[in-house]
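Trainee: Pasting final22.cif below, which is mmCIF, C-alpha atoms and all ligand atoms.
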```cif
data_run
#
loop_
_atom_site.label_atom_id
_atom_site.label_comp_id
_atom_site.auth_asym_id
_atom_site.auth_seq_id
_atom_site.Cartn_x
_atom_site.Cartn_y
_atom_site.Cartn_z
CA MET O 1478 -136.00 104.04 -51.73
CA PRO O 1479 -139.35 103.53 -50.02
CA SER O 1480 -140.16 99.84 -49.74
CA PRO O 1481 -142.89 98.64 -52.08
CA LEU O 1482 -146.41 98.10 -50.80
CA ALA O 1483 -146.93 94.51 -49.74
CA LEU O 1484 -149.45 93.79 -52.46
CA THR O 1485 -150.07 90.22 -53.59
CA ARG O 1486 -152.43 91.31 -56.29
CA ARG O 1487 -151.38 94.01 -58.72
CA PRO O 1488 -153.92 94.01 -61.56
CA ARG O 1489 -151.92 96.68 -63.37
CA ARG O 1490 -149.23 94.06 -64.13
CA LEU O 1491 -151.41 92.76 -66.96
CA ARG O 1492 -151.95 96.23 -68.40
CA ALA O 1493 -148.28 97.07 -68.76
CA SER O 1494 -147.82 96.27 -72.45
CA GLN O 1495 -149.93 95.95 -75.57
CA ASN O 1496 -149.00 92.27 -75.79
CA LEU O 1497 -150.29 91.55 -72.31
CA ARG O 1498 -153.38 93.69 -72.87
CA ASP O 1499 -154.13 91.75 -76.06
CA LEU O 1500 -153.61 88.41 -74.35
CA VAL O 1501 -156.08 89.12 -71.56
CA GLN O 1502 -158.74 90.92 -73.61
CA GLU O 1503 -162.07 89.21 -72.92
CA THR O 1504 -164.24 90.56 -75.71
CA HIS O 1505 -163.34 91.06 -79.35
CA LEU O 1506 -165.20 92.54 -82.24
CA THR O 1507 -165.01 90.80 -85.62
CA ALA O 1508 -166.64 91.50 -88.98
CA ALA O 1509 -168.67 88.32 -88.52
CA ASP O 1510 -170.45 89.95 -85.55
CA LEU O 1511 -171.75 92.82 -87.61
CA ILE O 1512 -174.93 93.21 -89.64
CA ALA O 1513 -175.27 96.20 -91.96
CA PRO O 1514 -178.71 97.82 -92.14
CA LEU O 1515 -179.23 99.10 -95.71
CA PHE O 1516 -181.82 101.42 -97.24
CA VAL O 1517 -183.11 100.77 -100.76
CA LYS O 1518 -184.98 103.22 -102.97
CA ASP O 1519 -186.05 103.33 -106.62
CA ASN O 1520 -185.16 105.99 -109.18
CA LEU O 1521 -181.79 107.09 -107.87
CA SER O 1522 -179.01 107.91 -110.28
CA GLU O 1523 -176.54 108.33 -107.42
CA PRO O 1524 -176.65 106.97 -103.88
CA GLU O 1525 -178.62 109.49 -101.80
CA ALA O 1526 -177.11 110.84 -98.59
CA ILE O 1527 -179.22 110.78 -95.41
CA VAL O 1528 -178.64 114.12 -93.69
CA SER O 1529 -178.94 113.00 -90.07
CA MET O 1530 -176.83 109.88 -90.69
CA PRO O 1531 -173.53 111.07 -92.20
CA GLY O 1532 -171.92 108.32 -94.28
CA VAL O 1533 -175.19 106.37 -94.73
CA PHE O 1534 -176.90 106.32 -98.14
CA ARG O 1535 -180.06 105.14 -99.81
CA PHE O 1536 -179.15 102.88 -102.74
CA ASN O 1537 -181.12 101.76 -105.76
CA PRO O 1538 -181.25 97.96 -106.21
CA ASP O 1539 -178.24 97.88 -108.59
CA GLN O 1540 -176.15 100.08 -106.31
CA LEU O 1541 -177.19 97.87 -103.41
CA VAL O 1542 -175.77 94.80 -105.16
CA THR O 1543 -172.43 96.61 -105.54
CA GLU O 1544 -172.52 97.63 -101.87
CA CYS O 1545 -173.29 94.08 -100.72
CA LEU O 1546 -170.44 92.66 -102.80
CA ALA O 1547 -168.09 95.14 -101.11
CA LEU O 1548 -169.46 94.24 -97.66
CA SER O 1549 -169.05 90.56 -98.42
CA LYS O 1550 -165.39 91.08 -99.34
CA LEU O 1551 -164.92 92.77 -95.97
CA GLY O 1552 -166.27 89.71 -94.16
CA ILE O 1553 -169.77 90.96 -93.37
CA ARG O 1554 -172.14 87.97 -93.46
CA ALA O 1555 -175.55 89.58 -93.25
CA VAL O 1556 -177.47 92.70 -94.24
CA ALA O 1557 -180.85 93.97 -93.02
CA LEU O 1558 -182.93 95.59 -95.74
CA PHE O 1559 -185.25 98.59 -95.37
CA PRO O 1560 -187.27 99.94 -98.32
CA CYS O 1561 -188.00 103.67 -98.81
CA LEU O 1562 -191.16 104.19 -100.80
CA PRO O 1563 -192.69 107.30 -102.36
CA ALA O 1564 -195.88 108.57 -100.69
CA THR O 1565 -197.83 107.44 -103.76
CA SER O 1566 -197.07 103.78 -102.92
CA LYS O 1567 -198.41 104.08 -99.37
CA ASP O 1568 -201.95 103.64 -98.07
CA ALA O 1569 -203.67 103.15 -94.71
CA ALA O 1570 -203.53 99.34 -95.01
CA GLY O 1571 -199.93 99.15 -96.27
CA THR O 1572 -201.15 97.18 -99.30
CA GLU O 1573 -197.84 97.49 -101.13
CA ALA O 1574 -196.20 95.26 -98.50
CA LEU O 1575 -197.86 92.17 -99.98
CA ASP O 1576 -197.13 92.90 -103.64
CA PRO O 1577 -194.57 90.37 -104.97
CA ALA O 1578 -193.37 93.06 -107.42
CA ASN O 1579 -192.66 95.64 -104.69
CA LEU O 1580 -189.26 97.26 -104.23
CA LEU O 1581 -188.15 94.95 -101.43
CA CYS O 1582 -189.06 91.79 -103.36
CA ARG O 1583 -187.31 93.01 -106.52
CA THR O 1584 -184.23 93.81 -104.45
CA LEU O 1585 -184.30 90.42 -102.72
CA ARG O 1586 -184.36 88.54 -106.02
CA GLN O 1587 -181.49 90.60 -107.37
CA LEU O 1588 -179.36 90.18 -104.25
CA LYS O 1589 -180.02 86.43 -104.01
CA LYS O 1590 -178.82 86.05 -107.57
CA SER O 1591 -175.82 88.40 -107.50
CA VAL O 1592 -174.56 88.01 -103.91
CA PRO O 1593 -175.64 84.46 -102.99
CA GLU O 1594 -173.17 84.26 -100.10
CA MET O 1595 -174.85 87.11 -98.21
CA THR O 1596 -177.48 86.30 -95.56
CA LEU O 1597 -180.51 88.48 -96.23
CA ILE O 1598 -182.56 89.78 -93.32
CA THR O 1599 -185.89 91.46 -94.02
CA ASP O 1600 -187.91 93.67 -91.73
CA VAL O 1601 -191.46 92.50 -91.10
CA ALA O 1602 -193.48 95.59 -90.19
CA LEU O 1603 -195.82 97.86 -92.08
CA ASP O 1604 -194.29 101.28 -91.38
CA PRO O 1605 -192.51 101.73 -94.73
CA TYR O 1606 -195.85 101.01 -96.45
CA THR O 1607 -198.49 102.84 -94.39
CA SER O 1608 -199.64 106.38 -95.13
CA HIS O 1609 -199.77 107.06 -91.35
CA GLY O 1610 -196.31 105.60 -90.62
CA GLN O 1611 -197.49 103.14 -87.96
CA ASP O 1612 -196.21 99.54 -87.97
CA GLY O 1613 -199.69 98.10 -88.45
CA VAL O 1614 -203.23 98.80 -89.63
CA LEU O 1615 -205.52 101.02 -87.53
CA ASP O 1616 -208.92 100.32 -85.95
CA GLU O 1617 -211.79 102.83 -85.73
CA LYS O 1618 -210.16 104.47 -82.69
CA ARG O 1619 -206.97 104.91 -84.77
CA GLU O 1620 -205.11 102.44 -82.52
CA VAL O 1621 -202.96 99.78 -84.19
CA ASP O 1622 -205.19 96.70 -84.57
CA ASN O 1623 -203.10 93.81 -83.20
CA ASP O 1624 -204.77 90.77 -84.68
CA ARG O 1625 -205.45 92.15 -88.16
CA THR O 1626 -201.85 93.38 -88.28
CA VAL O 1627 -200.49 89.96 -87.27
CA GLU O 1628 -202.45 88.38 -90.10
CA ILE O 1629 -200.85 90.72 -92.64
CA LEU O 1630 -197.36 90.31 -91.13
CA SER O 1631 -197.63 86.52 -91.43
CA ARG O 1632 -198.37 86.82 -95.12
CA MET O 1633 -195.56 89.34 -95.49
CA ALA O 1634 -193.09 86.94 -93.85
CA VAL O 1635 -194.09 84.12 -96.22
CA LEU O 1636 -193.71 86.45 -99.21
CA HIS O 1637 -190.22 87.45 -98.03
CA ALA O 1638 -189.20 83.80 -97.52
CA LYS O 1639 -190.55 82.85 -100.93
CA THR O 1640 -188.62 85.70 -102.54
CA GLY O 1641 -185.25 84.90 -100.97
CA SER O 1642 -185.15 86.22 -97.42
CA ASP O 1643 -183.08 83.98 -95.13
CA VAL O 1644 -184.11 85.67 -91.90
CA VAL O 1645 -187.39 87.45 -91.25
CA ALA O 1646 -187.22 90.08 -88.54
CA PRO O 1647 -190.57 91.21 -87.13
CA SER O 1648 -189.93 94.70 -85.73
CA ASP O 1649 -193.56 95.55 -85.03
CA MET O 1650 -194.06 94.47 -81.36
CA MET O 1651 -197.57 93.05 -81.96
CA ASP O 1652 -198.71 90.33 -79.52
CA GLY O 1653 -198.54 86.78 -80.85
CA ARG O 1654 -196.79 87.60 -84.10
CA ILE O 1655 -193.90 85.16 -83.66
CA ALA O 1656 -196.22 82.17 -83.26
CA ALA O 1657 -198.35 83.27 -86.21
CA ILE O 1658 -195.31 83.86 -88.44
CA ARG O 1659 -193.68 80.54 -87.48
CA GLN O 1660 -196.92 78.71 -88.24
CA ALA O 1661 -197.41 80.49 -91.58
CA LEU O 1662 -193.80 79.85 -92.66
CA ASP O 1663 -193.96 76.16 -91.73
CA ALA O 1664 -197.32 75.72 -93.45
CA SER O 1665 -195.75 77.08 -96.65
CA GLY O 1666 -192.72 74.80 -96.40
CA PHE O 1667 -190.29 77.41 -95.05
CA THR O 1668 -189.23 75.47 -91.98
CA GLN O 1669 -185.64 76.71 -92.41
CA THR O 1670 -186.44 80.42 -92.50
CA VAL O 1671 -184.99 81.97 -89.35
CA ILE O 1672 -187.04 84.34 -87.16
CA LEU O 1673 -185.04 87.17 -85.60
CA ALA O 1674 -187.51 88.72 -83.17
CA TYR O 1675 -187.27 92.37 -82.18
CA SER O 1676 -188.30 91.20 -78.71
CA ALA O 1677 -187.35 94.12 -76.52
CA LYS O 1678 -187.97 97.09 -78.75
CA PHE O 1679 -188.40 100.29 -76.80
CA ALA O 1680 -190.46 103.34 -77.79
CA SER O 1681 -187.30 105.34 -78.31
CA ALA O 1682 -186.43 108.84 -79.41
CA TYR O 1683 -183.24 107.35 -80.85
CA TYR O 1684 -185.18 106.18 -83.95
CA GLY O 1685 -185.51 109.75 -85.23
CA PRO O 1686 -182.94 109.64 -88.06
CA PHE O 1687 -184.23 106.24 -89.27
CA ARG O 1688 -187.75 107.62 -89.59
CA GLU O 1689 -186.34 110.36 -91.77
CA ALA O 1690 -184.41 107.76 -93.78
CA VAL O 1691 -187.43 105.55 -94.58
CA GLY O 1692 -189.91 108.41 -94.69
CA SER O 1693 -192.26 107.15 -91.97
CA LYS O 1694 -191.85 110.50 -90.22
CA ALA O 1695 -192.90 112.42 -93.32
CA ALA O 1696 -195.83 110.01 -93.77
CA ALA O 1697 -197.05 110.83 -90.26
CA GLY O 1698 -196.96 114.54 -91.09
CA PRO O 1699 -196.76 117.23 -88.43
CA ILE O 1700 -198.02 114.92 -85.65
CA SER O 1701 -195.08 113.14 -84.07
CA LEU O 1702 -195.14 109.41 -84.64
CA ASP O 1703 -196.27 107.80 -81.36
CA LYS O 1704 -195.61 104.06 -81.07
CA ARG O 1705 -196.04 103.78 -77.29
CA GLY O 1706 -199.15 101.66 -77.78
CA TYR O 1707 -196.97 98.74 -78.85
CA GLN O 1708 -193.28 99.48 -78.23
CA LEU O 1709 -191.89 99.10 -74.69
CA ASN O 1710 -191.77 101.85 -72.07
CA PRO O 1711 -188.09 102.85 -71.56
CA GLY O 1712 -188.65 102.62 -67.80
CA ASN O 1713 -189.43 98.90 -67.87
CA SER O 1714 -186.98 96.01 -67.76
CA ARG O 1715 -189.13 93.17 -66.36
CA GLU O 1716 -191.63 93.78 -69.14
CA ALA O 1717 -188.82 93.54 -71.69
CA LEU O 1718 -187.81 90.16 -70.29
CA LEU O 1719 -191.46 89.03 -70.47
CA GLU O 1720 -191.64 90.00 -74.15
CA ALA O 1721 -188.44 88.07 -74.82
CA ARG O 1722 -189.74 85.01 -72.97
CA LEU O 1723 -192.96 85.05 -74.99
CA ASP O 1724 -191.06 85.35 -78.27
CA GLU O 1725 -188.86 82.41 -77.28
CA GLU O 1726 -191.90 80.30 -76.36
CA GLU O 1727 -193.55 81.24 -79.64
CA GLY O 1728 -190.57 79.98 -81.65
CA ALA O 1729 -188.14 82.85 -82.21
CA ASP O 1730 -184.63 81.70 -83.17
CA ILE O 1731 -182.80 84.88 -82.17
CA LEU O 1732 -183.91 87.62 -79.76
CA MET O 1733 -183.07 91.28 -80.21
CA VAL O 1734 -182.75 94.28 -77.91
CA LYS O 1735 -183.20 97.72 -79.46
CA PRO O 1736 -181.80 100.37 -79.05
CA ALA O 1737 -178.54 98.83 -77.83
CA GLY O 1738 -176.27 101.31 -76.01
CA PRO O 1739 -178.83 102.82 -73.63
CA TYR O 1740 -180.29 99.34 -72.89
CA LEU O 1741 -177.21 97.27 -72.02
CA ASP O 1742 -178.83 96.27 -68.73
CA ILE O 1743 -181.64 94.57 -70.66
CA LEU O 1744 -179.13 92.81 -72.89
CA GLN O 1745 -177.13 91.57 -69.93
CA ARG O 1746 -180.17 90.31 -68.02
CA LEU O 1747 -181.55 88.62 -71.12
CA ARG O 1748 -178.16 86.96 -71.68
CA GLN O 1749 -178.53 85.33 -68.29
CA GLU O 1750 -182.11 84.22 -68.85
CA THR O 1751 -182.04 82.63 -72.30
CA SER O 1752 -179.88 80.21 -74.24
CA LEU O 1753 -180.90 81.72 -77.57
CA PRO O 1754 -178.47 83.88 -79.54
CA LEU O 1755 -178.93 87.60 -78.94
CA ALA O 1756 -178.83 90.48 -81.38
CA ALA O 1757 -178.61 94.16 -80.52
CA TYR O 1758 -179.47 97.07 -82.78
CA GLN O 1759 -177.28 100.14 -82.45
CA VAL O 1760 -179.94 102.41 -83.90
CA SER O 1761 -179.82 105.50 -86.05
CA GLY O 1762 -179.77 107.97 -83.13
CA GLU O 1763 -176.88 106.19 -81.44
CA TYR O 1764 -174.98 106.44 -84.73
CA ALA O 1765 -175.99 110.07 -85.27
CA GLN O 1766 -174.87 111.25 -81.84
CA ILE O 1767 -171.39 109.79 -82.26
CA GLN O 1768 -171.11 111.25 -85.77
CA ALA O 1769 -172.35 114.66 -84.64
CA ALA O 1770 -169.95 114.89 -81.70
CA ALA O 1771 -167.09 113.78 -83.96
CA GLN O 1772 -168.00 116.45 -86.52
CA LEU O 1773 -167.82 119.04 -83.77
CA GLY O 1774 -164.41 117.72 -82.80
CA TRP O 1775 -165.73 116.70 -79.38
CA LEU O 1776 -165.25 112.94 -79.70
CA ASP O 1777 -162.82 110.74 -81.60
CA LEU O 1778 -164.99 109.01 -84.21
CA GLU O 1779 -163.11 105.71 -84.55
CA LYS O 1780 -162.38 105.22 -80.86
CA THR O 1781 -165.91 106.07 -79.75
CA ARG O 1782 -167.41 103.90 -82.48
CA ASP O 1783 -165.27 100.88 -81.54
CA GLU O 1784 -165.88 101.33 -77.81
CA SER O 1785 -169.63 101.63 -78.29
CA LEU O 1786 -169.72 98.34 -80.23
CA LEU O 1787 -167.35 96.50 -77.90
CA ALA O 1788 -169.57 97.50 -74.97
CA ILE O 1789 -172.63 96.05 -76.71
CA LYS O 1790 -170.82 92.79 -77.37
CA ARG O 1791 -169.49 92.65 -73.79
CA ALA O 1792 -173.01 93.06 -72.42
CA GLY O 1793 -174.04 89.89 -74.24
CA ALA O 1794 -174.81 90.48 -77.91
CA ASN O 1795 -173.74 87.78 -80.37
CA MET O 1796 -174.45 90.04 -83.32
CA ILE O 1797 -174.88 93.78 -83.73
CA LEU O 1798 -176.86 95.68 -86.33
CA THR O 1799 -174.93 98.88 -86.83
CA TYR O 1800 -174.57 101.62 -89.43
CA PHE O 1801 -170.84 101.49 -88.65
CA ALA O 1802 -170.59 97.90 -89.99
CA LYS O 1803 -168.69 98.73 -93.18
CA ASP O 1804 -166.26 101.20 -91.57
CA VAL O 1805 -165.47 98.83 -88.73
CA ALA O 1806 -164.98 95.87 -91.06
CA GLU O 1807 -162.61 98.00 -93.14
CA ALA O 1808 -160.66 99.05 -90.07
CA LEU O 1809 -160.45 95.45 -88.84
CA GLN O 1810 -159.17 94.30 -92.21
CA LYS O 1811 -156.51 97.03 -92.23
CA ASN O 1812 -155.40 96.08 -88.72
CA LEU O 1813 -155.06 92.45 -89.70
CA SER O 1814 -152.92 93.17 -92.74
CA GLY O 1815 -150.87 95.67 -90.68
CA HIS O 1816 -149.75 92.98 -88.24
C1 LIG O 1901 -189.86 100.11 -87.55
C2 LIG O 1901 -188.40 100.20 -87.37
C3 LIG O 1901 -187.73 101.25 -86.75
C4 LIG O 1901 -186.38 100.98 -86.80
C5 LIG O 1901 -186.21 99.76 -87.46
N1 LIG O 1901 -187.49 99.27 -87.79
C6 LIG O 1901 -188.19 102.56 -86.21
C7 LIG O 1901 -189.50 102.71 -85.59
O1 LIG O 1901 -189.94 101.86 -84.81
O2 LIG O 1901 -190.11 103.74 -85.88
C8 LIG O 1901 -185.35 101.91 -86.25
C9 LIG O 1901 -183.96 101.67 -86.61
C10 LIG O 1901 -183.06 102.81 -86.33
O3 LIG O 1901 -183.42 103.83 -85.70
O4 LIG O 1901 -181.92 102.72 -86.78
N2 LIG O 1901 -190.40 98.94 -88.00
#
```
Kindly transcribe the structure held in the file into structure tokens.
Mentor:
Amino acid sequence: MPSPLALTRRPRRLRASQNLRDLVQETHLTAADLIAPLFVKDNLSEPEAIVSMPGVFRFNPDQLVTECLALSKLGIRAVALFPCLPATSKDAAGTEALDPANLLCRTLRQLKKSVPEMTLITDVALDPYTSHGQDGVLDEKREVDNDRTVEILSRMAVLHAKTGSDVVAPSDMMDGRIAAIRQALDASGFTQTVILAYSAKFASAYYGPFREAVGSKAAAGPISLDKRGYQLNPGNSREALLEARLDEEEGADILMVKPAGPYLDILQRLRQETSLPLAAYQVSGEYAQIQAAAQLGWLDLEKTRDESLLAIKRAGANMILTYFAKDVAEALQKNLSGH
């Protein structure tokens, strides 16, 4: 027999059995880490499938209550709500966003009443409401007008808080919106409403399926929706950290990086620079590419899904918005009862 190598350190020792692998695992995924993004739409008799996001549906408010009750049973603590409006409810100023009887507000009231244990996160941005699909109102040069948009977003955040939102999530990337929203919330007595800031939101091609889901792509028509005037350049990391620092100074409670998977370097650097909790959004395109490859038989759906989420958590996310939330929570529950 050849004599063994004189190795003091043999890292493989701790990989030799499932027990040892479990004992030394550094990062774990739990249902409490996951936030389910949900789409709500009026006038649906059945939940409506979204073609480019297999397994994701638009729900009417009643169906959404049922879905949230199921998520709650699975241990999911929070949902992020996105309204899908008909073109007839949209205009250039996104007026519908400030109507207390709009779809989102009606849904919020219903969810607060029927699923009180669920933390409700609402998106503060104008894109579901504008006829041009941009996140804000436009100036005469058809650029998004920062300061007028911030004014509207502040009122929108107060309306959401008043109606039952626990966490407002500005996803618009306007300058100064966190300070303005914090001030508006406090002035209306909503000092406990949390601000989850989409701080490092990149101008990403991975949002494609979402834009189909909420109809902002259709609203923009044949011209492709260009948000590079406010969302971050994918080539920039220092600028992302600057945005996050500004949001923190302005009063954000939680900072978010979006998309997640292709931007783990940003997440990791931000983890080192701030003491605030971090969220990451595994966006529609990240979901779609895993689903598509799985449908082709090229990737294992469950394994790839779990690995993609574990990697996001390992890089520094405390919480992950993901369209896989329900499936993962179900799988985790099954595993627990199987032990
Ligand atoms: C816009 C918004 C977007 C997403 C969430 N909020 C897309 C965009 O900026 O056009 C994308 C989420 C996803 O792709 O899953 N306010």
Trainee: Grab me every residue within 8 Å of ligand LIG 1901 (chain O), counting all atoms listed in the file, and send it over as number ranges by chain.
Mentor: O: 1514, 1559, 1600-1605, 1611-1612, 1647-1649, 1678, 1680-1681, 1683-1688, 1693, 1702, 1704, 1708, 1736, 1758-1762, 1799-1800
Trainee: Point out the residue among O:Ile1743, O:Ala1564, O:Ile1629, O:Val1671 with the least atom-to-atom distance to Ile1598 of chain O, counting all atoms listed in the file.
Mentor: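 Looking at the shortest contact to Ile1598 of chain O, the residue is O:Val1671.
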Trainee: To one decimal place, how far is atom CA of Met1651 of chain O from atom CA of Cys1582 of chain O in Å?
Mentor: 23.1 Å
Trainee: What is the atom CA of Trp1775 of chain O-atom CA of Ile1789 of chain O distance in Å, reported with one decimal?
Mentor: 21.9 Å
Trainee: Considering only C-alpha atoms, can you say which of O:Gly1641, O:Pro1754, O:Pro1593, O:Gly1692 comes closest to Arg1535 of chain O?
Mentor: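 Ranked by minimum distance to Arg1535 of chain O, first place goes to O:Gly1692.
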Trainee: Mind pulling up the distance from atom CA of Lys1567 of chain O to atom CA of Thr1596 of chain O?
Mentor: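 Straight-line distance from atom CA of Thr1596 of chain O to atom CA of Lys1567 of chain O works out to 27.7 Å.
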Trainee: Can you list, as a PyMOL selection string, every protein, DNA or RNA residue that comes within 10 Å of Asp1510 of chain O when you count all atoms listed in the file, leaving out same-chain residues fewer than 5 positions away?
Mentor: chain O and resi 1505+1552-1555+1756+1786+1790+1794-1798+1802+1806
Trainee: Closest to Leu1732 of chain O among O:Ile1512, O:Val1592, O:Ala1808, O:Leu1718, using all atoms listed in the file?
Mentor: O:Leu1718
Trainee: Using all atoms listed in the file, pick whichever of O:Glu1726, O:Glu1503, O:Glu1620, O:Asp1804 has the shortest atom-to-atom distance to Leu1778 of chain O.
Mentor: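 The answer is O:Asp1804, which sits nearest to Leu1778 of chain O.
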Trainee: Tell me which residues come within 10 Å of (-193.9, 84.0, -94.8), as a ChimeraX atom specification, counting all atoms listed in the file in the file's coordinates.
Mentor: /O:1601,1629-1640,1642,1645,1657-1667,1670
Trainee: For the residues selected in the previous step, produce a file with C-alpha atoms as a short mmCIF file (atom, residue, chain, number, x, y, z; two decimals), keeping the file's coordinate frame.
Mentor:
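Once written, out_38.cif looks like this:
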```
data_model
loop_
_atom_site.label_atom_id
_atom_site.label_comp_id
_atom_site.auth_asym_id
_atom_site.auth_seq_id
_atom_site.Cartn_x
_atom_site.Cartn_y
_atom_site.Cartn_z
CA VAL O 1601 -191.46 92.50 -91.10
CA ILE O 1629 -200.85 90.72 -92.64
CA LEU O 1630 -197.36 90.31 -91.13
CA SER O 1631 -197.63 86.52 -91.43
CA ARG O 1632 -198.37 86.82 -95.12
CA MET O 1633 -195.56 89.34 -95.49
CA ALA O 1634 -193.09 86.94 -93.85
CA VAL O 1635 -194.09 84.12 -96.22
CA LEU O 1636 -193.71 86.45 -99.21
CA HIS O 1637 -190.22 87.45 -98.03
CA ALA O 1638 -189.20 83.80 -97.52
CA LYS O 1639 -190.55 82.85 -100.93
CA THR O 1640 -188.62 85.70 -102.54
CA SER O 1642 -185.15 86.22 -97.42
CA VAL O 1645 -187.39 87.45 -91.25
CA ALA O 1657 -198.35 83.27 -86.21
CA ILE O 1658 -195.31 83.86 -88.44
CA ARG O 1659 -193.68 80.54 -87.48
CA GLN O 1660 -196.92 78.71 -88.24
CA ALA O 1661 -197.41 80.49 -91.58
CA LEU O 1662 -193.80 79.85 -92.66
CA ASP O 1663 -193.96 76.16 -91.73
CA ALA O 1664 -197.32 75.72 -93.45
CA SER O 1665 -195.75 77.08 -96.65
CA GLY O 1666 -192.72 74.80 -96.40
CA PHE O 1667 -190.29 77.41 -95.05
CA THR O 1670 -186.44 80.42 -92.50
#
```
Trainee: Near Met1733 of chain O, counting only C-alpha atoms, which residues have an atom at most 6 Å away, once you skip same-chain residues fewer than 2 positions from it, shown as an MDAnalysis selection string?
Mentor: chainID O and resid 1674:1676 1755:1757
Trainee: Pull C-alpha atoms from the residues just selected and write them as a PDB file, in the coordinates of the input.
Mentor:
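Written output follows (again-v1.pdb):
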```pdb
ATOM      1  CA  ALA O1674    -187.510  88.720 -83.170  1.00  0.00           C
ATOM      2  CA  TYR O1675    -187.270  92.370 -82.180  1.00  0.00           C
ATOM      3  CA  SER O1676    -188.300  91.200 -78.710  1.00  0.00           C
ATOM      4  CA  LEU O1755    -178.930  87.600 -78.940  1.00  0.00           C
ATOM      5  CA  ALA O1756    -178.830  90.480 -81.380  1.00  0.00           C
ATOM      6  CA  ALA O1757    -178.610  94.160 -80.520  1.00  0.00           C
TER       7      ALA O1757
END
```
Trainee: Quick one: of O:Arg1715, O:Arg1625, O:Arg1583, O:Arg1489, who's nearest to Gly1613 of chain O, counting only C-alpha atoms?
Mentor: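 Among the listed residues, the smallest separation from Gly1613 of chain O belongs to O:Arg1625.
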Trainee: With all atoms listed in the file as the atoms that count, which of O:Ala1656, O:Ala1508, O:Ala1788, O:Leu1585 lies nearest to Leu1723 of chain O?
Mentor: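 With all atoms listed in the file as the atom set, the closest residue is O:Ala1656.
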Trainee: Ala1695 of chain O: which residues within 10 Å, counting only C-alpha atoms, same-chain residues fewer than 5 positions away excluded, as a tab-separated table (two decimals) with C-alpha atoms, in the frame of the given file?
Mentor:
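Result saved to around.tsv:
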```tsv
chain	number	residue	atom	x	y	z
O	1564	ALA	CA	-195.88	108.57	-100.69
O	1608	SER	CA	-199.64	106.38	-95.13
O	1609	HIS	CA	-199.77	107.06	-91.35
O	1610	GLY	CA	-196.31	105.60	-90.62
O	1688	ARG	CA	-187.75	107.62	-89.59
O	1689	GLU	CA	-186.34	110.36	-91.77
O	1690	ALA	CA	-184.41	107.76	-93.78
O	1700	ILE	CA	-198.02	114.92	-85.65
O	1701	SER	CA	-195.08	113.14	-84.07
O	1702	LEU	CA	-195.14	109.41	-84.64
```
Trainee: Around the point (-179.4, 113.2, -92.4), in the coordinates given by the file, pick out the residues reaching within 9 Å, counting all atoms listed in the file, and return them as an MDAnalysis selection string.
Mentor: chainID O and resid 1526:1531 1533 1686 1689:1690 1765
